[in-house]
file structure.txt (compact mmCIF, C-alpha atoms)
# COMPACT_ATOMS: atom_id res chain seq x y z
CA MET A 52 -48.56 40.57 -11.34
CA ASN A 53 -45.73 40.09 -13.87
CA LYS A 54 -44.30 36.64 -14.70
CA TYR A 55 -41.27 37.06 -12.42
CA LYS A 56 -43.34 38.03 -9.40
CA PHE A 57 -45.80 35.22 -10.09
CA MET A 58 -43.02 32.60 -10.24
CA ARG A 59 -41.47 34.01 -7.06
CA PHE A 60 -44.84 33.83 -5.30
CA ARG A 61 -45.29 30.19 -6.36
CA PHE A 62 -41.81 29.30 -5.11
CA ILE A 63 -42.40 30.90 -1.71
CA LEU A 64 -45.79 29.18 -1.37
CA LEU A 65 -44.30 25.79 -2.32
CA PHE A 66 -41.44 26.28 0.17
CA GLN A 67 -43.89 27.12 2.95
CA LEU A 68 -45.99 24.06 2.18
CA ILE A 69 -42.93 21.79 2.23
CA CYS A 70 -41.75 23.25 5.54
CA THR A 71 -45.19 22.94 7.06
CA GLY A 72 -45.34 19.31 5.96
CA LEU A 73 -41.93 18.56 7.42
CA PHE A 74 -42.57 20.22 10.76
CA SER A 75 -46.12 18.97 11.26
CA GLN A 76 -45.71 15.34 10.25
CA THR A 77 -47.67 13.13 12.61
CA GLY A 78 -47.43 9.53 13.75
CA TRP A 79 -44.47 7.24 14.45
CA GLN A 80 -41.20 8.42 12.91
CA GLN A 81 -37.49 7.74 13.08
CA ILE A 82 -35.30 10.83 13.22
CA THR A 83 -31.88 10.14 11.76
CA SER A 84 -30.23 13.52 12.33
CA PHE A 85 -30.75 15.38 15.59
CA GLY A 86 -27.36 16.78 16.57
CA THR A 87 -23.84 15.52 17.10
CA ASN A 88 -25.27 12.47 18.92
CA PRO A 89 -22.11 11.65 20.91
CA GLY A 90 -23.82 8.65 22.51
CA ASN A 91 -24.63 7.08 19.11
CA LEU A 92 -28.28 6.50 20.00
CA ASN A 93 -31.27 5.99 17.71
CA MET A 94 -34.22 8.37 17.94
CA TYR A 95 -37.92 7.71 17.37
CA ILE A 96 -40.81 10.05 18.06
CA TYR A 97 -44.58 9.97 18.14
CA VAL A 98 -46.66 13.02 17.19
CA PRO A 99 -50.43 12.67 17.71
CA VAL A 100 -52.88 13.89 15.08
CA GLY A 101 -54.42 17.23 15.98
CA ILE A 102 -51.86 18.14 18.62
CA SER A 103 -52.04 21.79 19.59
CA SER A 104 -49.18 24.23 19.96
CA ASN A 105 -47.15 24.41 23.15
CA SER A 106 -47.76 20.80 24.18
CA PRO A 107 -45.88 18.61 26.71
CA ALA A 108 -43.23 16.04 25.78
CA VAL A 109 -42.28 12.74 27.44
CA VAL A 110 -38.99 10.89 26.92
CA ALA A 111 -39.63 7.14 27.28
CA LEU A 112 -36.57 4.91 27.73
CA HIS A 113 -36.67 1.14 27.21
CA GLY A 114 -35.05 -1.48 29.42
CA CYS A 115 -32.25 -3.95 28.68
CA THR A 116 -32.84 -6.42 25.79
CA GLN A 117 -35.62 -4.12 24.57
CA ASN A 118 -36.01 -1.57 21.80
CA ALA A 119 -38.09 1.53 21.17
CA ILE A 120 -40.99 -0.38 19.59
CA GLN A 121 -41.33 -2.73 22.57
CA CYS A 122 -41.22 0.27 24.89
CA ARG A 123 -43.92 1.97 22.83
CA ASP A 124 -46.21 -1.06 22.80
CA ASN A 125 -45.81 -2.19 26.43
CA THR A 126 -46.07 1.25 28.03
CA GLY A 127 -48.95 2.58 25.95
CA TRP A 128 -47.49 6.08 25.92
CA ASN A 129 -48.71 6.65 22.35
CA MET A 130 -52.30 5.93 23.38
CA LEU A 131 -51.99 8.42 26.21
CA ALA A 132 -50.43 10.93 23.82
CA ASP A 133 -53.42 10.57 21.48
CA ARG A 134 -55.85 11.09 24.32
CA TYR A 135 -54.11 13.92 26.17
CA HIS A 136 -52.14 15.53 23.32
CA PHE A 137 -48.42 15.45 24.00
CA TYR A 138 -45.28 14.35 22.17
CA VAL A 139 -43.33 11.17 22.97
CA ILE A 140 -39.59 10.73 22.33
CA TYR A 141 -38.16 7.20 22.26
CA PRO A 142 -34.34 6.97 22.49
CA GLU A 143 -33.04 3.53 21.49
CA GLN A 144 -29.78 1.85 22.45
CA PRO A 145 -28.08 -0.05 19.60
CA ALA A 146 -26.19 -3.27 20.36
CA ALA A 147 -22.97 -1.59 19.21
CA ASN A 148 -23.07 0.48 22.41
CA ASN A 149 -24.17 -2.28 24.76
CA SER A 150 -24.57 -5.95 23.85
CA SER A 151 -27.73 -6.17 25.97
CA ASN A 152 -29.16 -2.91 24.58
CA CYS A 153 -28.93 -1.33 28.05
CA PHE A 154 -28.46 2.40 28.34
CA ASN A 155 -25.04 2.93 29.93
CA TRP A 156 -26.30 4.76 33.00
CA PHE A 157 -23.30 3.53 35.01
CA LEU A 158 -20.46 4.82 32.82
CA PRO A 159 -18.92 8.23 33.59
CA SER A 160 -18.81 9.02 29.86
CA ASP A 161 -22.60 8.64 29.64
CA GLN A 162 -23.85 9.78 33.06
CA ASN A 163 -22.57 13.35 33.11
CA ARG A 164 -23.97 16.57 31.70
CA ASP A 165 -23.06 17.45 28.11
CA GLY A 166 -21.47 14.16 27.15
CA GLY A 167 -22.24 10.69 25.79
CA GLU A 168 -25.70 9.19 25.91
CA ALA A 169 -27.01 11.87 28.27
CA LEU A 170 -26.20 14.59 25.74
CA SER A 171 -27.68 12.55 22.89
CA ILE A 172 -31.01 12.36 24.74
CA LYS A 173 -30.82 16.08 25.51
CA GLN A 174 -30.25 16.74 21.80
CA MET A 175 -33.39 14.73 21.00
CA VAL A 176 -35.34 17.11 23.23
CA ASP A 177 -33.64 20.06 21.51
CA TYR A 178 -34.70 18.66 18.14
CA MET A 179 -38.33 18.44 19.24
CA GLN A 180 -38.25 21.98 20.57
CA SER A 181 -36.84 23.33 17.31
CA HIS A 182 -39.21 21.39 15.04
CA TYR A 183 -42.43 21.27 17.07
CA MET A 184 -44.22 23.52 19.52
CA VAL A 185 -43.10 21.93 22.80
CA ASP A 186 -43.96 23.50 26.15
CA ALA A 187 -40.55 23.97 27.80
CA GLU A 188 -42.20 23.85 31.23
CA LYS A 189 -43.68 20.41 30.58
CA ILE A 190 -40.86 18.09 29.54
CA PHE A 191 -40.59 14.78 31.42
CA THR A 192 -38.67 11.51 31.35
CA THR A 193 -39.49 7.94 32.31
CA GLY A 194 -38.05 4.50 31.79
CA LEU A 195 -37.76 0.90 32.90
CA SER A 196 -34.66 -0.71 34.44
CA ALA A 197 -31.59 0.70 32.64
CA GLY A 198 -33.99 3.20 31.08
CA ALA A 199 -35.16 4.13 34.57
CA ALA A 200 -31.60 4.61 35.78
CA MET A 201 -30.92 6.69 32.66
CA SER A 202 -33.99 8.78 33.51
CA ALA A 203 -32.37 9.47 36.90
CA VAL A 204 -29.25 10.58 34.99
CA MET A 205 -31.30 13.00 32.89
CA LEU A 206 -33.11 14.44 35.93
CA ALA A 207 -29.82 15.04 37.73
CA CYS A 208 -27.84 16.34 34.76
CA TYR A 209 -30.57 18.43 33.15
CA PRO A 210 -32.85 19.85 35.87
CA ASP A 211 -33.09 22.92 33.65
CA VAL A 212 -34.82 20.79 30.99
CA PHE A 213 -36.88 18.15 32.80
CA LYS A 214 -39.64 19.11 35.21
CA GLY A 215 -40.34 15.60 36.44
CA GLY A 216 -39.57 11.93 36.00
CA ALA A 217 -40.93 8.45 36.67
CA ILE A 218 -38.30 5.84 37.58
CA MET A 219 -39.65 2.31 37.12
CA SER A 220 -37.48 -0.44 38.61
CA GLY A 221 -34.34 1.67 38.54
CA GLY A 222 -31.66 3.05 40.83
CA ALA A 223 -30.38 6.33 42.21
CA TYR A 224 -28.20 8.72 40.24
CA LYS A 225 -24.53 7.68 40.37
CA SER A 226 -25.23 4.57 42.40
CA ALA A 227 -22.59 3.09 40.07
CA THR A 228 -19.65 4.37 38.05
CA ASP A 229 -18.57 1.16 36.29
CA ALA A 230 -19.85 -2.33 35.45
CA LEU A 231 -18.81 -3.81 38.81
CA THR A 232 -20.51 -1.20 40.94
CA ALA A 233 -23.54 -1.38 38.62
CA GLY A 234 -24.04 -4.97 39.72
CA ASN A 235 -23.72 -3.97 43.37
CA ALA A 236 -26.26 -1.20 42.90
CA MET A 237 -28.74 -3.49 41.18
CA TYR A 238 -28.48 -5.96 44.06
CA GLY A 239 -29.20 -3.18 46.53
CA LEU A 240 -25.71 -3.23 48.03
CA VAL A 241 -25.00 0.49 47.57
CA ASN A 242 -26.12 2.45 50.62
CA LYS A 243 -25.42 6.15 51.07
CA THR A 244 -26.77 8.82 53.39
CA PRO A 245 -29.43 11.20 52.07
CA THR A 246 -26.84 13.98 52.10
CA GLU A 247 -24.38 11.92 50.05
CA TRP A 248 -27.09 11.08 47.52
CA ARG A 249 -28.20 14.72 47.36
CA ASP A 250 -24.66 15.97 46.75
CA LEU A 251 -24.25 13.63 43.79
CA VAL A 252 -27.27 15.28 42.15
CA TYR A 253 -26.08 18.76 43.05
CA GLY A 254 -22.69 17.93 41.59
CA ALA A 255 -24.17 16.96 38.22
CA PHE A 256 -24.93 20.62 37.43
CA PRO A 257 -23.19 22.79 40.04
CA GLY A 258 -24.39 26.06 38.55
CA PHE A 259 -28.08 25.19 38.72
CA ASN A 260 -30.12 27.36 41.08
CA GLY A 261 -33.63 26.54 39.88
CA VAL A 262 -36.29 24.07 41.02
CA TYR A 263 -35.32 20.40 40.78
CA PRO A 264 -37.66 17.92 39.05
CA ARG A 265 -40.40 16.03 40.86
CA VAL A 266 -39.81 12.26 40.94
CA ALA A 267 -42.17 9.26 41.02
CA ILE A 268 -40.75 5.81 41.81
CA PHE A 269 -42.49 2.58 40.70
CA HIS A 270 -40.97 -0.74 41.79
CA GLY A 271 -42.01 -4.37 42.17
CA LEU A 272 -41.38 -5.82 45.62
CA ASN A 273 -40.38 -9.17 44.11
CA ASP A 274 -37.80 -7.70 41.76
CA ASN A 275 -34.66 -9.87 41.77
CA VAL A 276 -32.92 -7.93 38.99
CA VAL A 277 -32.97 -4.44 40.48
CA TYR A 278 -33.66 -5.16 44.13
CA PRO A 279 -36.37 -3.22 46.02
CA ALA A 280 -33.70 -1.80 48.36
CA ASN A 281 -33.18 0.75 45.58
CA ILE A 282 -36.55 2.30 46.41
CA ASN A 283 -35.24 3.60 49.71
CA GLU A 284 -32.04 4.95 48.15
CA LEU A 285 -34.04 6.80 45.50
CA VAL A 286 -36.38 8.23 48.12
CA GLU A 287 -33.42 9.38 50.19
CA GLN A 288 -31.78 10.98 47.18
CA TRP A 289 -34.74 12.96 45.89
CA THR A 290 -36.30 13.92 49.21
CA ALA A 291 -32.88 15.28 50.23
CA VAL A 292 -32.62 17.17 46.94
CA HIS A 293 -35.96 18.82 47.72
CA GLY A 294 -35.24 19.29 51.41
CA LEU A 295 -38.05 16.96 52.49
CA SER A 296 -38.35 14.52 55.35
CA GLN A 297 -37.60 10.89 54.50
CA THR A 298 -40.86 10.01 56.26
CA ALA A 299 -43.85 9.95 53.94
CA THR A 300 -46.49 12.62 54.40
CA ALA A 301 -49.18 10.02 53.72
CA THR A 302 -49.38 6.36 52.74
CA ILE A 303 -52.23 4.44 51.10
CA SER A 304 -51.83 0.69 51.54
CA ALA A 305 -54.39 -0.25 48.86
CA PHE A 306 -54.19 2.48 46.23
CA ILE A 307 -57.37 2.71 44.07
CA GLY A 308 -58.63 -0.24 46.06
CA ASN A 309 -55.86 -2.49 44.71
CA PRO A 310 -54.31 -4.45 47.61
CA ASP A 311 -51.05 -4.96 45.67
CA ILE A 312 -50.31 -1.23 45.26
CA GLU A 313 -48.97 0.91 48.09
CA GLN A 314 -48.64 4.64 47.42
CA ALA A 315 -46.54 6.98 49.57
CA VAL A 316 -46.38 10.74 49.04
CA TYR A 317 -43.73 13.18 50.17
CA LYS A 318 -44.97 16.78 50.20
CA ASN A 319 -43.37 20.12 50.86
CA THR A 320 -44.66 22.69 53.34
CA VAL A 321 -47.21 24.09 50.88
CA GLY A 322 -48.65 20.66 50.06
CA ASP A 323 -47.03 19.97 46.70
CA THR A 324 -46.11 16.33 46.07
CA LEU A 325 -42.45 16.30 45.02
CA VAL A 326 -41.60 12.64 45.57
CA LEU A 327 -44.03 9.76 45.12
CA THR A 328 -43.60 5.99 45.40
CA TYR A 329 -45.65 3.04 44.23
CA LYS A 330 -44.55 -0.27 45.76
CA ILE A 331 -46.09 -3.13 43.78
CA ASN A 332 -46.48 -6.42 45.59
CA TYR A 333 -46.08 -9.79 43.82
CA MET A 334 -44.35 -8.19 40.82
CA GLY A 335 -40.81 -8.83 39.63
CA HIS A 336 -38.67 -6.78 37.28
CA ALA A 337 -41.26 -5.10 35.09
CA ILE A 338 -43.65 -2.23 34.63
CA ALA A 339 -47.24 -2.62 35.79
CA VAL A 340 -49.94 -2.43 33.14
CA ASP A 341 -53.71 -2.82 33.00
CA PRO A 342 -54.79 -3.78 29.44
CA GLY A 343 -58.27 -2.54 28.63
CA ILE A 344 -60.26 0.36 27.21
CA GLY A 345 -61.09 2.17 30.44
CA ILE A 346 -59.85 5.69 31.08
CA THR A 347 -57.24 4.48 33.58
CA GLN A 348 -56.36 1.32 31.63
CA GLY A 349 -53.66 0.68 29.06
CA GLY A 350 -50.39 -0.95 28.09
CA THR A 351 -49.75 -4.50 26.95
CA THR A 352 -48.19 -7.44 28.75
CA GLY A 353 -44.74 -8.69 27.80
CA THR A 354 -41.51 -10.08 29.23
CA TYR A 355 -41.11 -6.94 31.32
CA ALA A 356 -44.74 -5.77 31.53
CA VAL A 357 -47.12 -7.44 33.98
CA ASP A 358 -50.89 -7.02 34.33
CA LYS A 359 -51.41 -5.73 37.87
CA ASN A 360 -54.71 -3.90 37.28
CA PHE A 361 -52.58 -0.78 37.62
CA TYR A 362 -51.52 1.25 34.59
CA SER A 363 -48.23 2.79 35.65
CA SER A 364 -47.89 5.03 32.58
CA TYR A 365 -51.25 6.62 33.32
CA TRP A 366 -50.29 7.36 36.92
CA ALA A 367 -46.91 8.68 35.80
CA ALA A 368 -48.66 11.04 33.38
CA LYS A 369 -51.02 12.04 36.19
CA PHE A 370 -48.00 12.84 38.36
CA PHE A 371 -46.54 14.91 35.51
CA LYS A 372 -49.87 16.79 35.40
CA ILE A 373 -50.24 15.96 31.72
CA ILE A 374 -53.53 14.38 32.76
CA THR A 375 -55.40 17.11 34.56
CA THR A 376 -58.70 15.35 35.20
CA THR A 377 -59.63 15.69 38.87
CA THR A 378 -63.21 14.45 38.81
CA SER A 379 -65.89 13.54 36.29
CA ILE A 380 -65.11 15.81 33.37
CA GLU A 381 -64.46 12.83 31.10
CA ASP A 382 -67.32 10.75 29.67
CA ILE A 383 -66.90 6.99 29.62
CA GLU A 384 -70.30 6.20 28.15
CA SER A 385 -73.07 8.65 27.36
CA ASN A 386 -76.12 8.87 25.12
CA SER A 387 -75.77 12.64 25.13
CA LYS A 388 -72.63 14.54 26.10
CA ASN A 389 -72.71 16.20 29.52
CA ASP A 390 -75.82 14.36 30.69
CA PHE A 391 -74.69 15.04 34.23
CA VAL A 392 -72.00 16.78 36.24
CA ILE A 393 -70.50 16.04 39.61
CA PHE A 394 -70.33 18.98 42.00
CA PRO A 395 -68.10 20.20 43.56
CA ASN A 396 -65.09 19.81 41.32
CA PRO A 397 -62.54 18.85 42.71
CA THR A 398 -64.42 16.22 44.69
CA ARG A 399 -64.93 16.58 48.43
CA LYS A 400 -66.39 14.23 51.04
CA THR A 401 -69.92 14.75 49.73
CA ILE A 402 -70.74 15.11 46.05
CA GLN A 403 -73.93 15.99 44.21
CA ILE A 404 -75.04 14.66 40.84
CA LEU A 405 -76.70 17.29 38.66
CA HIS A 406 -78.60 15.64 35.78
CA LYS A 407 -80.71 17.00 32.94
CA HIS A 408 -83.50 14.62 33.92
CA ALA A 409 -84.83 12.85 36.97
CA ILE A 410 -82.37 10.31 38.35
CA SER A 411 -83.63 6.78 38.95
CA CYS A 412 -80.39 5.27 40.31
CA ILE A 413 -76.71 6.10 40.86
CA ASN A 414 -74.06 3.38 41.11
CA VAL A 415 -70.32 3.81 41.82
CA PHE A 416 -67.91 1.04 40.76
CA ASP A 417 -64.21 0.53 41.56
CA TYR A 418 -61.46 -0.34 39.03
CA THR A 419 -62.42 -4.06 39.11
CA GLY A 420 -66.06 -3.35 38.31
CA ARG A 421 -67.15 -4.05 41.89
CA LEU A 422 -70.17 -2.04 43.06
CA ILE A 423 -69.06 0.30 45.87
CA LEU A 424 -71.97 2.68 46.40
CA THR A 425 -75.57 2.88 45.26
CA SER A 426 -78.12 5.61 45.79
CA ILE A 427 -81.39 7.02 44.51
CA SER A 428 -80.51 10.40 46.01
CA PRO A 429 -78.47 12.90 43.94
CA THR A 430 -76.26 13.51 47.00
CA LEU A 431 -73.60 10.89 47.79
CA ASP A 432 -71.25 10.55 50.73
CA VAL A 433 -67.88 9.46 49.26
CA SER A 434 -65.81 9.97 52.40
CA SER A 435 -65.28 6.20 52.69
CA LEU A 436 -63.60 5.97 49.28
CA VAL A 437 -59.80 5.83 49.14
CA SER A 438 -57.85 7.86 46.59
CA GLY A 439 -58.24 6.42 43.13
CA SER A 440 -60.39 6.07 40.03
CA TYR A 441 -64.07 5.11 40.00
CA VAL A 442 -66.90 4.92 37.51
CA VAL A 443 -70.13 6.76 38.28
CA ASP A 444 -73.12 5.22 36.45
CA VAL A 445 -76.25 7.37 36.45
CA PHE A 446 -79.52 5.96 35.14
CA SER A 447 -82.48 8.07 34.06
CA ILE A 448 -85.62 6.80 32.36
CA GLN A 449 -85.34 9.45 29.65
CA LEU A 450 -81.70 8.83 28.61
CA GLY A 451 -80.77 5.47 30.08
CA HIS A 452 -77.24 4.91 31.45
CA SER A 453 -74.50 7.55 31.41
CA LYS A 454 -71.02 6.95 32.88
CA LYS A 455 -68.21 9.26 33.85
CA LEU A 456 -64.82 8.95 35.45
CA LEU A 457 -64.52 10.02 39.09
CA ILE A 458 -61.03 10.53 40.49
CA ILE A 459 -60.56 11.08 44.20
CA GLU A 460 -57.13 12.37 45.18
call {"tool": "encode", "arguments": {"input": "structure.txt", "output": "structure tokens"}}
result
Amino acid sequence: MNKYKFMRFRFILLFQLICTGLFSQTGWQQITSFGTNPGNLNMYIYVPVGISSNSPAVVALHGCTQNAIQCRDNTGWNMLADRYHFYVIYPEQPAANNSSNCFNWFLPSDQNRDGGEALSIKQMVDYMQSHYMVDAEKIFTTGLSAGAAMSAVMLACYPDVFKGGAIMSGGAYKSATDALTAGNAMYGLVNKTPTEWRDLVYGAFPGFNGVYPRVAIFHGLNDNVVYPANINELVEQWTAVHGLSQTATATISAFIGNPDIEQAVYKNTVGDTLVLTYKINYMGHAIAVDPGIGITQGGTTGTYAVDKNFYSSYWAAKFFKIITTTTSIEDIESNSKNDFVIFPNPTRKTIQILHKHAISCINVFDYTGRLILTSISPTLDVSSLVSGSYVVDVFSIQLGHSKKLLIIE
């Protein structure tokens, strides 16, 4: 190799290394250039270490008086991203746009496709797709309060981009078109028919003929900032968009055994859940969190984050199908990986524990640590358990205790 070819080879190698470093940088980062940014928003991202190609992405939008860092810390999305390997995008509203740092979900300039803040957020997604290996079929949005209402904007305006969303203490798309009507909407004074709500979504992108996003709604029943009446309007809007009945297919009054959480599901004719609600009793204007190290625990408490023994970000990610665990494939505590399996998977009314050694005792605990079932037989009847997360503790003399997550859907 002559000197010229050698120098050219070194230059190409150095260029490739620089590009690889730029496009594979991990951790928390601010992105200062991501498009024309007509909404003048700030952009932060989180890229987990060891993330594989073609991974999901979640846009997480903060509430009023908050910023991206508070959203990151309260919601725990970064922890979930580390565990389940997906990207997180954090748009941030500067005070120059809104003195309370609220996303302007109620302004026509920011609530329509290809303009204002909505386009800025779309450009953030475009940036991630051009710089990282994002699965285009697994892009989602979620937010609290104004961030929740802005998530509704993104779902309506960009159904070709977002496959699902989680609206936490927010309102329906175009429930307001200025500051005055925004106040009316927040107080639950805007009431439209399902057809009227549906047509607002259809009008956001008239040329769209694909499948609209699935929507989960989380809302405190003691919310006096964005009143709970907004739950019904959101349900009417998105069930109408999907052509579903406004009557829930099924309701669980104490989801995962928690008496403060009511879950309602709205399914299509083939059994897919397209709209989902979580009504949270004794909670005001906030997201629900459950600080801890358990599989279904996370988030931190704050001004707008309340410990309800219910980790809303986890259940949003579950709804997005980013978390695909259906039974006990995840170890919680084990002396040796895969000490036991639960069969069948997914779980049915009766399950069987298959262990490497003789089983001395099997205990099943709920999310509070309360003992629900106990058995010395490897076959357990779980038909009495409501949908939710449980811990199965199997004890054998040879290996001691082993624990795995059991999710019943």
call {"tool": "residues_around", "arguments": {"input": "structure.txt", "residues": "His113 in chain A", "least_positions_apart": "5", "cutoff": "8 Å", "atoms": "all atoms listed in the file", "output": "number ranges by chain"}}
result
A: 118-119, 121-122, 141-143, 194-198
call {"tool": "atom_distance", "arguments": {"input": "structure.txt", "atom1": "CA of Val110 in chain A", "atom2": "CA of Gly167 in chain A"}}
result
16.8 Å
call {"tool": "residues_around", "arguments": {"input": "structure.txt", "residues": "Ala339 in chain A", "least_positions_apart": "4", "cutoff": "8 Å", "atoms": "only C-alpha atoms", "output": "list in words"}}
result
Ala356, Val357, Asp358, Lys359, Asn360, Phe361, Tyr362 and Ser363 of chain A
call {"tool": "residues_around", "arguments": {"input": "structure.txt", "residues": "Ser304 in chain A", "least_positions_apart": "5", "cutoff": "7 Å", "atoms": "only C-alpha atoms", "output": "MDAnalysis selection string"}}
result
chainID A and resid 310 312:314
call {"tool": "closest_residue", "arguments": {"input": "structure.txt", "among": "A:Tyr441, A:Phe213, A:Tyr333, A:Tyr178", "to": "Gln348 in chain A", "atoms": "all atoms listed in the file"}}
result
A:Tyr441
call {"tool": "residues_around", "arguments": {"input": "structure.txt", "residues": "range 217-233 of chain A", "least_positions_apart": "5", "cutoff": "9 Å", "atoms": "only C-alpha atoms", "output": "MDAnalysis selection string"}}
result
chainID A and resid 156:159 162 191:204 206:207 238:239 241:243 248 251:252 265:271 274 276:279 281:282 284:286 288:289 336:338 363:364 367:368 370:371
call {"tool": "residues_around", "arguments": {"input": "structure.txt", "residues": "Arg164 in chain A", "least_positions_apart": "3", "cutoff": "9 Å", "atoms": "only C-alpha atoms", "output": "PyMOL selection string"}}
result
chain A and resi 161+167+169-170+204-205+207-209+255-256
call {"tool": "atom_distance", "arguments": {"input": "structure.txt", "atom1": "CA of Thr354 in chain A", "atom2": "CA of Ile172 in chain A"}}
result
25.2 Å
call {"tool": "closest_residue", "arguments": {"input": "structure.txt", "among": "A:Ile458, A:Ile404, A:Leu325, A:Met184", "to": "Ser440 in chain A", "atoms": "all atoms listed in the file"}}
result
A:Ile458
call {"tool": "atom_distance", "arguments": {"input": "structure.txt", "atom1": "CA of Phe446 in chain A", "atom2": "CA of Thr430 in chain A"}}
result
14.4 Å
call {"tool": "closest_residue", "arguments": {"input": "structure.txt", "among": "A:Lys173, A:His452, A:Lys407, A:Lys189", "to": "Ala108 in chain A", "atoms": "all atoms listed in the file"}}
result
A:Lys189
call {"tool": "closest_residue", "arguments": {"input": "structure.txt", "among": "A:Tyr135, A:Asn125, A:Asn148, A:Tyr95", "to": "Met179 in chain A", "atoms": "only C-alpha atoms"}}
result
A:Tyr95
call {"tool": "closest_residue", "arguments": {"input": "structure.txt", "among": "A:Ser103, A:Thr320, A:Asn283, A:Asn129", "to": "Leu295 in chain A", "atoms": "only C-alpha atoms"}}
result
A:Thr320
call {"tool": "axis_aligned_box", "arguments": {"input": "structure.txt", "around": "range 252-262 of chain A", "padding_each_side": "3 Å", "output": "AutoDock Vina command-line options"}}
result
--center_x -29.5 --center_y 21.3 --center_z 40.2 --size_x 19.6 --size_y 18.1 --size_z 11.6
call {"tool": "closest_residue", "arguments": {"input": "structure.txt", "among": "A:Thr425, A:Gln180, A:Thr324, A:Thr77", "to": "Asn105 in chain A", "atoms": "only C-alpha atoms"}}
result
A:Gln180
call {"tool": "decode", "arguments": {"input": "structure.txt", "residues": "range 208-222 of chain A", "atoms": "N, CA and C atoms", "output": "PDB file, in the first residue's frame"}}
result
ATOM      1  N   CYS A 208     -52.902  14.393  14.850  1.00  0.00           N
ATOM      2  CA  CYS A 208     -52.243  15.012  13.694  1.00  0.00           C
ATOM      3  C   CYS A 208     -51.284  14.069  12.970  1.00  0.00           C
ATOM      4  N   TYR A 209     -50.715  13.118  13.701  1.00  0.00           N
ATOM      5  CA  TYR A 209     -49.721  12.232  13.102  1.00  0.00           C
ATOM      6  C   TYR A 209     -50.032  10.752  13.374  1.00  0.00           C
ATOM      7  N   PRO A 210     -51.202  10.290  12.954  1.00  0.00           N
ATOM      8  CA  PRO A 210     -51.517   8.863  13.130  1.00  0.00           C
ATOM      9  C   PRO A 210     -50.648   7.982  12.248  1.00  0.00           C
ATOM     10  N   ASP A 211     -49.973   8.583  11.280  1.00  0.00           N
ATOM     11  CA  ASP A 211     -49.035   7.852  10.440  1.00  0.00           C
ATOM     12  C   ASP A 211     -47.688   7.659  11.133  1.00  0.00           C
ATOM     13  N   VAL A 212     -47.475   8.343  12.243  1.00  0.00           N
ATOM     14  CA  VAL A 212     -46.213   8.237  12.988  1.00  0.00           C
ATOM     15  C   VAL A 212     -46.397   7.464  14.287  1.00  0.00           C
ATOM     16  N   PHE A 213     -47.419   7.826  15.061  1.00  0.00           N
ATOM     17  CA  PHE A 213     -47.607   7.256  16.392  1.00  0.00           C
ATOM     18  C   PHE A 213     -48.581   6.077  16.352  1.00  0.00           C
ATOM     19  N   LYS A 214     -48.184   5.004  16.991  1.00  0.00           N
ATOM     20  CA  LYS A 214     -49.022   3.803  17.023  1.00  0.00           C
ATOM     21  C   LYS A 214     -49.857   3.714  18.288  1.00  0.00           C
ATOM     22  N   GLY A 215     -49.562   4.549  19.260  1.00  0.00           N
ATOM     23  CA  GLY A 215     -50.331   4.541  20.500  1.00  0.00           C
ATOM     24  C   GLY A 215     -49.933   5.692  21.390  1.00  0.00           C
ATOM     25  N   GLY A 216     -50.786   5.982  22.378  1.00  0.00           N
ATOM     26  CA  GLY A 216     -50.493   7.062  23.303  1.00  0.00           C
ATOM     27  C   GLY A 216     -51.107   6.807  24.664  1.00  0.00           C
ATOM     28  N   ALA A 217     -50.551   7.468  25.675  1.00  0.00           N
ATOM     29  CA  ALA A 217     -51.078   7.399  27.039  1.00  0.00           C
ATOM     30  C   ALA A 217     -51.300   8.828  27.517  1.00  0.00           C
ATOM     31  N   ILE A 218     -52.560   9.187  27.714  1.00  0.00           N
ATOM     32  CA  ILE A 218     -52.954  10.547  28.091  1.00  0.00           C
ATOM     33  C   ILE A 218     -53.228  10.560  29.593  1.00  0.00           C
ATOM     34  N   MET A 219     -52.383  11.262  30.341  1.00  0.00           N
ATOM     35  CA  MET A 219     -52.477  11.264  31.801  1.00  0.00           C
ATOM     36  C   MET A 219     -52.942  12.629  32.289  1.00  0.00           C
ATOM     37  N   SER A 220     -54.183  12.681  32.745  1.00  0.00           N
ATOM     38  CA  SER A 220     -54.790  13.924  33.238  1.00  0.00           C
ATOM     39  C   SER A 220     -54.835  14.985  32.156  1.00  0.00           C
ATOM     40  N   GLY A 221     -55.327  14.605  30.991  1.00  0.00           N
ATOM     41  CA  GLY A 221     -55.416  15.527  29.868  1.00  0.00           C
ATOM     42  C   GLY A 221     -56.818  15.589  29.296  1.00  0.00           C
ATOM     43  N   GLY A 222     -56.929  16.240  28.130  1.00  0.00           N
ATOM     44  CA  GLY A 222     -58.230  16.407  27.494  1.00  0.00           C
ATOM     45  C   GLY A 222     -58.223  15.944  26.057  1.00  0.00           C
TER      46      GLY A 222
END
